[in-house]
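Enquirer: Sharing model_22.tsv (TSV, C-alpha atoms) below.
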chain	number	residue	atom	x	y	z
A	1	MET	CA	-35.39	-41.83	-14.07
A	2	ILE	CA	-38.65	-40.63	-15.57
A	3	ALA	CA	-40.14	-42.62	-18.42
A	4	LYS	CA	-40.85	-40.66	-21.54
A	5	ARG	CA	-44.56	-40.35	-22.25
A	6	THR	CA	-45.73	-41.51	-25.63
A	7	ARG	CA	-48.86	-40.05	-27.11
A	8	LEU	CA	-51.39	-42.01	-29.04
A	9	ARG	CA	-52.09	-40.85	-32.52
A	10	ILE	CA	-55.07	-41.62	-34.70
A	11	VAL	CA	-54.33	-43.67	-37.76
A	12	GLY	CA	-56.45	-42.85	-40.80
A	13	GLY	CA	-58.56	-45.34	-42.69
A	14	PHE	CA	-60.73	-46.52	-39.82
A	15	ALA	CA	-63.38	-43.83	-40.18
A	16	ASN	CA	-65.10	-45.77	-42.98
A	17	ALA	CA	-64.62	-49.21	-41.41
A	18	LYS	CA	-67.82	-51.15	-40.76
A	19	VAL	CA	-68.24	-52.98	-37.46
A	20	LEU	CA	-69.65	-56.48	-37.97
A	21	GLU	CA	-72.03	-58.13	-35.52
A	22	LEU	CA	-70.68	-61.13	-33.66
A	23	LEU	CA	-72.82	-64.07	-34.77
A	24	HIS	CA	-72.28	-67.25	-32.80
A	25	PRO	CA	-72.90	-70.70	-34.31
A	26	GLY	CA	-76.45	-71.78	-33.54
A	27	SER	CA	-77.80	-68.22	-33.38
A	28	PHE	CA	-80.37	-66.93	-35.83
A	29	ALA	CA	-79.93	-64.06	-38.29
A	30	THR	CA	-81.85	-62.33	-41.03
A	31	LEU	CA	-80.62	-60.86	-44.30
A	32	ASP	CA	-80.70	-57.11	-44.81
A	33	ASN	CA	-83.37	-57.49	-47.54
A	34	GLN	CA	-85.07	-60.65	-46.27
A	35	PRO	CA	-88.86	-60.94	-46.86
A	36	HIS	CA	-91.01	-60.97	-43.74
A	37	ASP	CA	-92.55	-64.35	-44.55
A	38	LEU	CA	-89.13	-66.11	-44.64
A	39	PRO	CA	-87.97	-67.39	-41.22
A	40	PRO	CA	-84.51	-66.39	-39.89
A	41	PHE	CA	-81.45	-68.35	-40.95
A	42	GLU	CA	-79.46	-70.47	-38.51
A	43	VAL	CA	-75.78	-69.49	-38.40
A	44	ILE	CA	-73.47	-72.49	-38.85
A	45	ASN	CA	-70.11	-70.68	-38.82
A	46	CYS	CA	-68.61	-67.24	-39.52
A	47	LYS	CA	-65.00	-66.76	-40.60
A	48	GLY	CA	-63.21	-64.13	-42.65
A	49	GLY	CA	-66.29	-61.98	-43.28
A	50	ARG	CA	-68.31	-64.90	-44.68
A	51	CYS	CA	-70.96	-66.94	-42.88
A	52	LEU	CA	-72.49	-70.32	-43.58
A	53	VAL	CA	-76.22	-70.23	-42.86
A	54	ARG	CA	-79.10	-72.61	-43.39
A	55	GLN	CA	-82.86	-72.84	-43.01
A	56	GLN	CA	-84.03	-75.51	-40.58
A	57	SER	CA	-86.29	-76.96	-43.27
A	58	TRP	CA	-83.34	-77.44	-45.66
A	59	GLY	CA	-81.81	-80.34	-43.74
A	60	ASN	CA	-78.35	-80.63	-42.18
A	61	TYR	CA	-76.30	-80.88	-45.37
A	62	VAL	CA	-77.63	-77.89	-47.31
A	63	HIS	CA	-76.16	-74.47	-46.50
A	64	TRP	CA	-75.59	-71.08	-48.07
A	65	GLU	CA	-72.50	-68.81	-47.88
A	66	VAL	CA	-73.37	-65.15	-47.24
A	67	GLU	CA	-71.27	-62.03	-46.63
A	68	GLN	CA	-71.34	-61.26	-42.90
A	69	HIS	CA	-72.21	-57.59	-43.40
A	70	ARG	CA	-75.56	-58.65	-44.94
A	71	LEU	CA	-76.66	-60.47	-41.76
A	72	ARG	CA	-78.37	-59.01	-38.69
A	73	SER	CA	-79.05	-60.86	-35.44
A	74	ALA	CA	-82.69	-61.99	-35.26
Could the structure of this file be written out as structure tokens, please?

Expert:
Amino acid sequence: MIAKRTRLRIVGGFANAKVLELLHPGSFATLDNQPHDLPPFEVINCKGGRCLVRQQSWGNYVHWEVEQHRLRSA
């Protein structure tokens, strides 16, 4: 018995999808419009398209929530 071949078909809607960089906790990232004199941000956590980042000079309990598409690996 020969198995019937199934063909893959392209599903629309993915042409405009944006691929996000994988940013691990502890890595450093910069904003898309970040000034050159501002050091990179430390990534605390990324989940659901949002990332918690902080500056090392801010202390451990101060962080900022940023959209993941605005961050680039430093």

Enquirer: May I ask which of the residues A:Ser73, A:Thr6, A:Asn33, A:Gln68 is the closest one to Cys46 in chain A, counting only C-alpha atoms?

Expert: A:Gln68

Enquirer: Just to confirm, what's the straight-line distance from CA of His24 in chain A to CA of Gly49 in chain A in Å (one decimal)?

Expert: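 For CA of His24 in chain A relative to CA of Gly49 in chain A, the distance reads 13.2 Å.
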
Enquirer: Restricting the calculation to all atoms listed in the file: of A:Leu22, A:Leu71, A:Val66, A:Leu38, which residue gets closest to Leu52 in chain A?

Expert: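 Result for the nearest residue to Leu52 in chain A: A:Val66.
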
Enquirer: Fewer than 2 positions away in the same chain doesn't count, so skip those; otherwise give me all residues within 8 Å of Glu21 in chain A, counting all atoms listed in the file, as a list in words.

Expert: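 Returned residues: Val19, Leu23, His69, Arg72 and Ser73 of chain A.
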
Enquirer: Suppose you want the space between CA of Gly26 in chain A and CA of Phe41 in chain A; what is it in Å?

Expert: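 If I compute the distance from CA of Gly26 in chain A to CA of Phe41 in chain A, I get 9.6 Å.
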
Enquirer: Which of these residues is nearest to Thr30 in chain A, using all atoms listed in the file: A:Ser57, A:Val62, A:Lys4, A:Cys51?

Expert: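 Once distances to Thr30 in chain A are computed over all atoms listed in the file, the minimum belongs to A:Cys51.
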
Enquirer: Counting all atoms listed in the file, figure out which residue out of A:Leu31, A:Arg70, A:Arg7, A:Gln56 gets nearest to Ile44 in chain A.

Expert: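 When distances to Ile44 in chain A are compared using all atoms listed in the file, the smallest one comes from A:Gln56.
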
Enquirer: Rounded to one decimal, what separation in Å do you get between CA of Arg50 in chain A and CA of Trp64 in chain A?

Expert: 10.1 Å

Enquirer: Given the choices A:Ala29, A:Ala74, A:Arg9, A:Asp37, which gets closest to Val53 in chain A if the distance is worked out from all atoms listed in the file?

Expert: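 Of A:Ala29, A:Ala74, A:Arg9, A:Asp37, the one nearest Val53 in chain A is A:Ala29, counting all atoms listed in the file.
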